[in-house]
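**Student:** Next up, entry_36.json (JSON, C-alpha atoms and all ligand atoms).
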[["chain", "number", "residue", "atom", "x", "y", "z"],
["S", 1, "MET", "CA", 90.72, 80.25, 95.14],
["S", 2, "ASN", "CA", 94.05, 80.09, 93.29],
["S", 3, "TRP", "CA", 94.42, 83.67, 92.11],
["S", 4, "ASN", "CA", 97.59, 82.99, 90.12],
["S", 5, "ASP", "CA", 95.68, 80.45, 88.01],
["S", 6, "ARG", "CA", 92.74, 82.83, 87.56],
["S", 7, "TYR", "CA", 95.05, 85.63, 86.41],
["S", 8, "ALA", "CA", 97.13, 83.41, 84.08],
["S", 9, "VAL", "CA", 95.35, 84.62, 80.95],
["S", 10, "ASP", "CA", 96.10, 87.51, 78.59],
["S", 11, "GLU", "CA", 92.79, 89.21, 79.40],
["S", 12, "TYR", "CA", 92.56, 91.59, 82.37],
["S", 13, "ILE", "CA", 89.76, 89.71, 84.09],
["S", 14, "TYR", "CA", 88.64, 92.74, 86.14],
["S", 15, "GLY", "CA", 89.28, 95.11, 83.24],
["S", 16, "THR", "CA", 91.78, 97.92, 82.91],
["S", 17, "GLU", "CA", 89.45, 100.73, 83.97],
["S", 18, "PRO", "CA", 89.20, 101.65, 87.65],
["S", 19, "ASN", "CA", 86.48, 100.59, 90.04],
["S", 20, "ALA", "CA", 83.58, 103.04, 89.62],
["S", 21, "PHE", "CA", 83.27, 103.92, 93.34],
["S", 22, "LEU", "CA", 86.98, 104.66, 93.54],
["S", 23, "ALA", "CA", 86.92, 106.76, 90.37],
["S", 24, "GLU", "CA", 84.00, 108.82, 91.70],
["S", 25, "HIS", "CA", 85.73, 109.63, 95.00],
["S", 26, "ALA", "CA", 89.43, 109.59, 94.13],
["S", 27, "HIS", "CA", 89.60, 113.40, 94.37],
["S", 28, "LEU", "CA", 89.28, 112.99, 98.17],
["S", 29, "LEU", "CA", 92.46, 110.94, 98.45],
["S", 30, "THR", "CA", 95.96, 112.10, 99.24],
["S", 31, "GLY", "CA", 99.04, 109.97, 98.86],
["S", 32, "PRO", "CA", 100.88, 107.87, 99.43],
["S", 33, "VAL", "CA", 98.09, 105.35, 98.82],
["S", 34, "LEU", "CA", 98.20, 101.76, 100.04],
["S", 35, "SER", "CA", 96.01, 99.62, 97.76],
["S", 36, "LEU", "CA", 95.06, 96.25, 99.23],
["S", 37, "ALA", "CA", 94.49, 93.16, 97.10],
["S", 38, "GLU", "CA", 95.45, 95.23, 94.05],
["S", 39, "GLY", "CA", 95.21, 92.30, 91.61],
["S", 40, "GLU", "CA", 95.94, 93.26, 87.99],
["S", 41, "GLY", "CA", 96.53, 96.92, 88.73],
["S", 42, "ARG", "CA", 93.54, 98.77, 87.32],
["S", 43, "ASN", "CA", 93.03, 100.86, 90.46],
["S", 44, "ALA", "CA", 96.70, 101.55, 91.23],
["S", 45, "VAL", "CA", 97.37, 102.61, 87.64],
["S", 46, "PHE", "CA", 94.36, 104.94, 87.69],
["S", 47, "LEU", "CA", 95.51, 106.57, 90.95],
["S", 48, "ALA", "CA", 99.07, 106.90, 89.67],
["S", 49, "GLY", "CA", 97.64, 108.66, 86.61],
["S", 50, "LEU", "CA", 96.16, 111.24, 88.98],
["S", 51, "GLY", "CA", 99.67, 111.93, 90.28],
["S", 52, "LEU", "CA", 99.37, 109.89, 93.47],
["S", 53, "SER", "CA", 102.13, 107.62, 94.75],
["S", 54, "VAL", "CA", 100.61, 104.12, 95.06],
["S", 55, "HIS", "CA", 101.77, 100.91, 96.70],
["S", 56, "GLY", "CA", 99.73, 97.87, 95.67],
["S", 57, "VAL", "CA", 99.84, 94.68, 97.73],
["S", 58, "ASP", "CA", 98.50, 91.31, 96.62],
["S", 59, "SER", "CA", 99.33, 87.66, 97.20],
["S", 60, "SER", "CA", 99.29, 86.96, 93.45],
["S", 61, "ALA", "CA", 102.61, 87.45, 91.69],
["S", 62, "VAL", "CA", 100.85, 86.84, 88.36],
["S", 63, "GLY", "CA", 98.32, 89.59, 89.07],
["S", 64, "LEU", "CA", 100.97, 92.09, 90.10],
["S", 65, "ALA", "CA", 103.10, 91.31, 87.03],
["S", 66, "LYS", "CA", 100.07, 92.27, 84.94],
["S", 67, "ALA", "CA", 99.72, 95.40, 87.11],
["S", 68, "GLN", "CA", 103.28, 96.44, 86.28],
["S", 69, "ALA", "CA", 102.68, 95.72, 82.58],
["S", 70, "LEU", "CA", 99.56, 97.93, 82.66],
["S", 71, "ALA", "CA", 101.50, 100.69, 84.42],
["S", 72, "ALA", "CA", 104.24, 100.53, 81.78],
["S", 73, "ALA", "CA", 101.67, 100.63, 78.98],
["S", 74, "ARG", "CA", 100.06, 103.72, 80.54],
["S", 75, "GLY", "CA", 103.41, 105.41, 81.28],
["S", 76, "VAL", "CA", 103.02, 105.57, 85.06],
["S", 77, "ASN", "CA", 104.96, 104.14, 88.00],
["S", 78, "ILE", "CA", 103.38, 102.02, 90.72],
["S", 79, "GLY", "CA", 104.94, 100.15, 93.61],
["S", 80, "THR", "CA", 103.89, 96.52, 94.00],
["S", 81, "GLU", "CA", 104.55, 93.96, 96.71],
["S", 82, "VAL", "CA", 103.66, 90.27, 96.70],
["S", 83, "ALA", "CA", 102.45, 89.59, 100.23],
["S", 84, "ASP", "CA", 99.77, 87.67, 102.06],
["S", 85, "LEU", "CA", 97.55, 90.13, 103.90],
["S", 86, "ALA", "CA", 97.38, 87.57, 106.71],
["S", 87, "GLU", "CA", 100.97, 88.51, 107.51],
["S", 88, "PHE", "CA", 101.44, 91.93, 105.94],
["S", 89, "VAL", "CA", 102.42, 94.77, 108.27],
["S", 90, "PRO", "CA", 102.17, 98.23, 106.67],
["S", 91, "ALA", "CA", 104.54, 100.94, 107.82],
["S", 92, "ALA", "CA", 103.03, 103.01, 110.64],
["S", 93, "GLY", "CA", 101.99, 106.57, 109.83],
["S", 94, "ARG", "CA", 103.03, 106.37, 106.18],
["S", 95, "TYR", "CA", 99.86, 106.61, 104.12],
["S", 96, "GLY", "CA", 97.41, 109.34, 103.24],
["S", 97, "ALA", "CA", 94.85, 106.75, 102.14],
["S", 98, "VAL", "CA", 94.15, 103.02, 102.14],
["S", 99, "VAL", "CA", 92.08, 101.64, 99.27],
["S", 100, "SER", "CA", 90.31, 98.29, 99.52],
["S", 101, "ILE", "CA", 88.31, 97.29, 96.44],
["S", 102, "PHE", "CA", 86.73, 93.84, 96.48],
["S", 103, "ALA", "CA", 89.39, 92.70, 98.95],
["S", 104, "HIS", "CA", 87.29, 89.91, 100.45],
["S", 105, "LEU", "CA", 89.13, 88.48, 103.42],
["S", 106, "PRO", "CA", 88.23, 86.09, 106.25],
["S", 107, "GLY", "CA", 86.99, 87.74, 109.44],
["S", 108, "ALA", "CA", 89.99, 86.60, 111.48],
["S", 109, "LEU", "CA", 92.34, 88.12, 108.90],
["S", 110, "ARG", "CA", 90.42, 91.41, 108.91],
["S", 111, "ALA", "CA", 90.55, 91.50, 112.72],
["S", 112, "ARG", "CA", 94.36, 91.42, 112.57],
["S", 113, "LEU", "CA", 94.78, 93.65, 109.52],
["S", 114, "TYR", "CA", 92.34, 96.51, 110.02],
["S", 115, "PRO", "CA", 93.94, 97.92, 113.21],
["S", 116, "LEU", "CA", 97.27, 97.88, 111.36],
["S", 117, "LEU", "CA", 95.66, 99.83, 108.51],
["S", 118, "ALA", "CA", 94.48, 102.43, 111.01],
["S", 119, "GLN", "CA", 98.03, 102.69, 112.37],
["S", 120, "SER", "CA", 99.45, 102.98, 108.85],
["S", 121, "LEU", "CA", 97.43, 106.12, 108.11],
["S", 122, "GLN", "CA", 98.53, 109.65, 108.81],
["S", 123, "PRO", "CA", 96.13, 111.66, 111.04],
["S", 124, "GLY", "CA", 93.12, 112.60, 108.91],
["S", 125, "GLY", "CA", 93.92, 109.84, 106.41],
["S", 126, "LEU", "CA", 91.13, 108.04, 104.58],
["S", 127, "VAL", "CA", 90.05, 104.46, 104.10],
["S", 128, "LEU", "CA", 88.05, 103.93, 100.90],
["S", 129, "LEU", "CA", 86.42, 100.50, 100.66],
["S", 130, "GLU", "CA", 83.95, 98.81, 98.40],
["S", 131, "ALA", "CA", 83.03, 95.16, 98.90],
["S", 132, "TYR", "CA", 80.17, 92.84, 98.14],
["S", 133, "SER", "CA", 77.70, 92.68, 101.00],
["S", 134, "LEU", "CA", 75.94, 89.71, 102.59],
["S", 135, "ASP", "CA", 72.94, 90.31, 100.31],
["S", 136, "GLN", "CA", 75.20, 89.33, 97.41],
["S", 137, "LEU", "CA", 75.26, 85.69, 98.56],
["S", 138, "PRO", "CA", 72.28, 84.51, 96.45],
["S", 139, "ARG", "CA", 73.31, 86.56, 93.41],
["S", 140, "ASN", "CA", 75.55, 85.18, 90.69],
["S", 141, "THR", "CA", 77.14, 88.44, 89.59],
["S", 142, "GLY", "CA", 80.41, 88.17, 91.53],
["S", 143, "GLY", "CA", 82.02, 87.84, 94.92],
["S", 144, "PRO", "CA", 82.83, 84.93, 97.22],
["S", 145, "LYS", "CA", 80.17, 82.41, 98.25],
["S", 146, "ASP", "CA", 81.26, 82.72, 101.88],
["S", 147, "ALA", "CA", 79.31, 84.93, 104.30],
["S", 148, "ASP", "CA", 82.39, 85.44, 106.47],
["S", 149, "MET", "CA", 84.16, 87.19, 103.59],
["S", 150, "LEU", "CA", 81.22, 89.40, 102.62],
["S", 151, "MET", "CA", 80.84, 92.80, 104.25],
["S", 152, "SER", "CA", 78.09, 94.58, 106.14],
["S", 153, "LEU", "CA", 77.69, 98.02, 107.66],
["S", 154, "ASP", "CA", 78.29, 96.51, 111.11],
["S", 155, "LYS", "CA", 81.48, 94.77, 110.01],
["S", 156, "VAL", "CA", 82.77, 98.09, 108.70],
["S", 157, "ARG", "CA", 81.87, 99.92, 111.92],
["S", 158, "GLN", "CA", 83.52, 97.22, 114.02],
["S", 159, "GLY", "CA", 86.58, 97.09, 111.78],
["S", 160, "PHE", "CA", 87.25, 100.84, 111.78],
["S", 161, "PRO", "CA", 86.24, 102.14, 115.22],
["S", 162, "GLY", "CA", 88.49, 105.21, 115.23],
["S", 163, "PHE", "CA", 87.11, 106.55, 111.97],
["S", 164, "GLU", "CA", 84.57, 109.24, 111.22],
["S", 165, "PRO", "CA", 82.39, 108.03, 108.34],
["S", 166, "VAL", "CA", 82.45, 110.42, 105.40],
["S", 167, "LEU", "CA", 80.21, 107.93, 103.56],
["S", 168, "LEU", "CA", 78.87, 104.55, 104.70],
["S", 169, "ARG", "CA", 76.09, 102.83, 102.82],
["S", 170, "GLU", "CA", 74.82, 99.56, 101.45],
["S", 171, "LEU", "CA", 73.21, 99.58, 98.04],
["S", 172, "SER", "CA", 72.57, 97.63, 94.89],
["S", 173, "ARG", "CA", 74.39, 98.82, 91.82],
["S", 174, "ASP", "CA", 75.47, 97.53, 88.45],
["S", 175, "VAL", "CA", 79.03, 96.29, 88.77],
["S", 176, "CYS", "CA", 80.37, 95.56, 85.30],
["S", 177, "GLU", "CA", 84.10, 95.45, 85.92],
["S", 178, "GLY", "CA", 85.54, 92.57, 83.95],
["S", 179, "SER", "CA", 84.31, 89.05, 83.34],
["S", 180, "TYR", "CA", 83.83, 88.10, 87.03],
["S", 181, "HIS", "CA", 81.88, 91.22, 88.09],
["S", 182, "THR", "CA", 78.93, 91.12, 85.80],
["S", 183, "GLY", "CA", 75.80, 92.96, 86.82],
["S", 184, "LEU", "CA", 73.42, 94.03, 89.55],
["S", 185, "ALA", "CA", 75.18, 93.51, 92.87],
["S", 186, "SER", "CA", 74.81, 94.31, 96.56],
["S", 187, "VAL", "CA", 77.76, 96.27, 97.90],
["S", 188, "VAL", "CA", 78.95, 98.11, 100.96],
["S", 189, "GLN", "CA", 80.74, 101.40, 100.32],
["S", 190, "PHE", "CA", 82.78, 103.18, 102.98],
["S", 191, "ILE", "CA", 84.94, 106.25, 103.15],
["S", 192, "GLY", "CA", 86.21, 106.90, 106.66],
["S", 193, "ARG", "CA", 88.53, 109.52, 108.07],
["S", 194, "LYS", "CA", 91.00, 108.60, 110.80],
["S", 195, "THR", "CA", 90.12, 110.89, 113.66],
["S", 196, "ALA", "CA", 93.27, 110.77, 115.79],
["V", 1, "LIG", "C1", 88.24, 90.13, 93.40],
["V", 1, "LIG", "S1", 89.99, 90.40, 93.23],
["V", 1, "LIG", "C2", 90.04, 92.17, 93.26],
["V", 1, "LIG", "C3", 91.27, 92.74, 92.64],
["V", 1, "LIG", "C4", 91.31, 94.27, 92.59],
["V", 1, "LIG", "N1", 91.17, 94.86, 93.90],
["V", 1, "LIG", "C5", 90.28, 94.82, 91.64],
["V", 1, "LIG", "O1", 89.27, 95.35, 92.11],
["V", 1, "LIG", "O2", 90.49, 94.70, 90.43],
["V", 1, "LIG", "C6", 90.58, 89.94, 94.84],
["V", 1, "LIG", "C7", 92.09, 90.03, 95.03],
["V", 1, "LIG", "O3", 92.39, 89.72, 96.40],
["V", 1, "LIG", "C8", 93.65, 89.08, 96.43],
["V", 1, "LIG", "N2", 93.76, 88.37, 97.71],
["V", 1, "LIG", "C9", 92.88, 87.48, 98.22],
["V", 1, "LIG", "N3", 93.31, 87.05, 99.42],
["V", 1, "LIG", "C10", 94.49, 87.70, 99.68],
["V", 1, "LIG", "C11", 95.41, 87.69, 100.76],
["V", 1, "LIG", "N4", 95.21, 86.91, 101.83],
["V", 1, "LIG", "N5", 96.50, 88.46, 100.69],
["V", 1, "LIG", "C12", 96.71, 89.25, 99.60],
["V", 1, "LIG", "N6", 95.87, 89.32, 98.55],
["V", 1, "LIG", "C13", 94.77, 88.55, 98.59],
["V", 1, "LIG", "C14", 93.62, 88.17, 95.22],
["V", 1, "LIG", "O4", 94.90, 87.76, 94.81],
["V", 1, "LIG", "C15", 92.91, 89.07, 94.21],
["V", 1, "LIG", "O5", 93.84, 89.80, 93.44]]
Show me, as structure tokens, the structure contained in the file I just sent.
**Tutor:**
Amino acid sequence: MNWNDRYAVDEYIYGTEPNAFLAEHAHLLTGPVLSLAEGEGRNAVFLAGLGLSVHGVDSSAVGLAKAQALAAARGVNIGTEVADLAEFVPAAGRYGAVVSIFAHLPGALRARLYPLLAQSLQPGGLVLLEAYSLDQLPRNTGGPKDADMLMSLDKVRQGFPGFEPVLLRELSRDVCEGSYHTGLASVVQFIGRKTA
């Protein structure tokens, strides 16, 4: 997937409104927030509008330029960083929350990154994640056609062992968030609190 090519259109392909799961639970988050695979900025801009300091990371410079344009249009400030999550190392102990919305990554990448995310959180900090689940594979409403990149409850439990689940579930819901997320979809949702 060449994300710069996908984002090289005027339209915000995932929309300018936040992810619904994030919007419903954002009141639980404290800053600073690290937002993974931030894309065109809809989630970072929403969180900044709530008064949270947000740092959005994505490998697409085109996506993050649109994120900064959206922030300017909404009159908020967000931090953005072009980086490949295969190499990204977040600062230890910095964040109150890590947000991961449709950040579908290969298993080997997750195995390197997720322990670093745990380290990057302050004690009691939260991870909030929504991703398409394995049951999404036969559906044509969004998400990668690669089982390794799709999530499951077990993958979440294995990825975040030092976390107390505040919420962990798999469900089908309507995801209508731009032109690539277009209807009934199988998702995993997780909010976990770092215990130590
Ligand atoms: C489905 S989009 C989701 C964007 C955003 N989270 C949202 O919900 O609107 C997936 C994003 O993951 C980013 N991405 C994929 N692989 C990445 C990697 N290895 N490092 C950084 N970003 C990556 C893409 O550039 C893209 O912006």
**Student:** May I have the residues within 6 Å of ligand LIG 1 (chain V), computed using only C-alpha atoms and all ligand atoms, as a PyMOL selection string?
**Tutor:** chain S and resi 3+14+37-39+42+58-60+83-86+101-103+105
**Student:** Hey, what's within 6 Å of Val98 in chain S if we count all atoms listed in the file and toss same-chain stuff fewer than 4 positions away? As a list in words, please?
**Tutor:**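 Listing them by chain and then by number gives Val33, Leu34, Ser35 and Val127 of chain S.
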**Student:** Would you pick out the contacts of Ser186 in chain S at 9 Å or less, using all atoms listed in the file, so that residues sharing its chain but fewer than 5 positions from it are not included, and give the list as a ChimeraX atom specification?
**Tutor:** /S:131-137,139,170-174
**Student:** Between S:Val187, S:Leu168, S:Leu129, S:Ala108, which has the minimum distance to Thr141 in chain S (counting all atoms listed in the file)?
**Tutor:**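 Among S:Val187, S:Leu168, S:Leu129, S:Ala108, it is S:Val187 that comes nearest to Thr141 in chain S.
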**Student:** Under the rule that all atoms listed in the file are counted, which of S:Thr30, S:Gln122, S:Thr195, S:Asn4 is the nearest residue to Gly63 in chain S?
**Tutor:**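 The answer is S:Asn4, which sits nearest to Gly63 in chain S.
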**Student:** For a test of reading the model, state the distance in Å between CA of Leu36 in chain S and CA of Gly79 in chain S, rounded to one decimal.
**Tutor:**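 For CA of Leu36 in chain S relative to CA of Gly79 in chain S, the distance reads 12.0 Å.
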**Student:** Excluding Val9 in chain S and any residue of its chain fewer than 3 positions from it, enumerate the residues within 10 Å of it, using all atoms listed in the file, and give them as a VMD selection string.
**Tutor:** chain S and resid 4 to 6 12 to 13 62 to 63 66
**Student:** Name the closest residue to Gly15 in chain S among the candidates S:Asn2, S:Asn43, S:Gln158, S:Ser53; distances are taken between atoms, counting all atoms listed in the file.
**Tutor:**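 Of S:Asn2, S:Asn43, S:Gln158, S:Ser53, the one nearest Gly15 in chain S, counting all atoms listed in the file, is S:Asn43.
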**Student:** If we count all atoms listed in the file, what is near Gly107 in chain S at a cut-off of 9 Å, once residues fewer than 5 positions away on the same chain are taken out, given as an mmCIF file with C-alpha atoms, in the frame of the given file?
**Tutor:**
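Dumped everything to selection-v3.cif:
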data_model
loop_
_atom_site.group_PDB
_atom_site.id
_atom_site.type_symbol
_atom_site.label_atom_id
_atom_site.label_comp_id
_atom_site.auth_asym_id
_atom_site.auth_seq_id
_atom_site.Cartn_x
_atom_site.Cartn_y
_atom_site.Cartn_z
ATOM 1 C CA ARG S 112 94.360 91.420 112.570
ATOM 2 C CA ASP S 148 82.390 85.440 106.470
ATOM 3 C CA MET S 149 84.160 87.190 103.590
ATOM 4 C CA LYS S 155 81.480 94.770 110.010
#
**Student:** Between S:Val89, S:Ile78, S:Ala72, S:Asn19, which one has atoms that come closest to His181 in chain S, using all atoms listed in the file?
**Tutor:**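 Closest residue, counting all atoms listed in the file: S:Asn19.
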**Student:** Looking at S:Asn140, S:Val99, S:Leu128, S:Leu150, which one is nearest to Phe163 in chain S, with distances taken over all atoms listed in the file?
**Tutor:**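 Ranked by minimum distance to Phe163 in chain S, first place goes to S:Leu128.
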**Student:** Smallest atom-to-atom distance to Gly192 in chain S: which of S:Glu11, S:Glu130, S:Glu164, S:Glu40, using all atoms listed in the file?
**Tutor:** S:Glu164
**Student:** For the atom pair CA of Glu177 in chain S and CA of Phe21 in chain S, what is the interatomic distance in Å to one decimal place?
**Tutor:** 11.3 Å
**Student:** How many Å lie between CA of Lys145 in chain S and CA of Pro106 in chain S, rounded to one decimal?
**Tutor:**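 Atom-to-atom, CA of Lys145 in chain S and CA of Pro106 in chain S are spaced 11.9 Å apart.
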**Student:** Draw an axis-aligned box tight on the listed atoms of range 136-151 of chain S, then pad every side by 6 Å and write out centre and edge lengths in Å to one decimal as JSON.
**Tutor:**
{"center_x": 78.2, "center_y": 87.6, "center_z": 98.0, "size_x": 23.9, "size_y": 22.4, "size_z": 28.9}
**Student:** Write out as a PDB file with C-alpha atoms, in the coordinates of the input the residues lying within 12 Å of Ser120 in chain S, counting all atoms listed in the file and excluding same-chain residues fewer than 2 positions away.
**Tutor:**
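Dumped everything to around17.pdb:
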ATOM      1  CA  PRO S  32     100.880 107.870  99.430  1.00  0.00           C
ATOM      2  CA  VAL S  33      98.090 105.350  98.820  1.00  0.00           C
ATOM      3  CA  LEU S  34      98.200 101.760 100.040  1.00  0.00           C
ATOM      4  CA  PHE S  88     101.440  91.930 105.940  1.00  0.00           C
ATOM      5  CA  VAL S  89     102.420  94.770 108.270  1.00  0.00           C
ATOM      6  CA  PRO S  90     102.170  98.230 106.670  1.00  0.00           C
ATOM      7  CA  ALA S  91     104.540 100.940 107.820  1.00  0.00           C
ATOM      8  CA  ALA S  92     103.030 103.010 110.640  1.00  0.00           C
ATOM      9  CA  GLY S  93     101.990 106.570 109.830  1.00  0.00           C
ATOM     10  CA  ARG S  94     103.030 106.370 106.180  1.00  0.00           C
ATOM     11  CA  TYR S  95      99.860 106.610 104.120  1.00  0.00           C
ATOM     12  CA  GLY S  96      97.410 109.340 103.240  1.00  0.00           C
ATOM     13  CA  ALA S  97      94.850 106.750 102.140  1.00  0.00           C
ATOM     14  CA  VAL S  98      94.150 103.020 102.140  1.00  0.00           C
ATOM     15  CA  LEU S 113      94.780  93.650 109.520  1.00  0.00           C
ATOM     16  CA  TYR S 114      92.340  96.510 110.020  1.00  0.00           C
ATOM     17  CA  PRO S 115      93.940  97.920 113.210  1.00  0.00           C
ATOM     18  CA  LEU S 116      97.270  97.880 111.360  1.00  0.00           C
ATOM     19  CA  LEU S 117      95.660  99.830 108.510  1.00  0.00           C
ATOM     20  CA  ALA S 118      94.480 102.430 111.010  1.00  0.00           C
ATOM     21  CA  GLN S 122      98.530 109.650 108.810  1.00  0.00           C
ATOM     22  CA  PRO S 123      96.130 111.660 111.040  1.00  0.00           C
ATOM     23  CA  GLY S 124      93.120 112.600 108.910  1.00  0.00           C
ATOM     24  CA  GLY S 125      93.920 109.840 106.410  1.00  0.00           C
ATOM     25  CA  LEU S 126      91.130 108.040 104.580  1.00  0.00           C
ATOM     26  CA  VAL S 127      90.050 104.460 104.100  1.00  0.00           C
ATOM     27  CA  LYS S 194      91.000 108.600 110.800  1.00  0.00           C
TER      28      LYS S 194
END
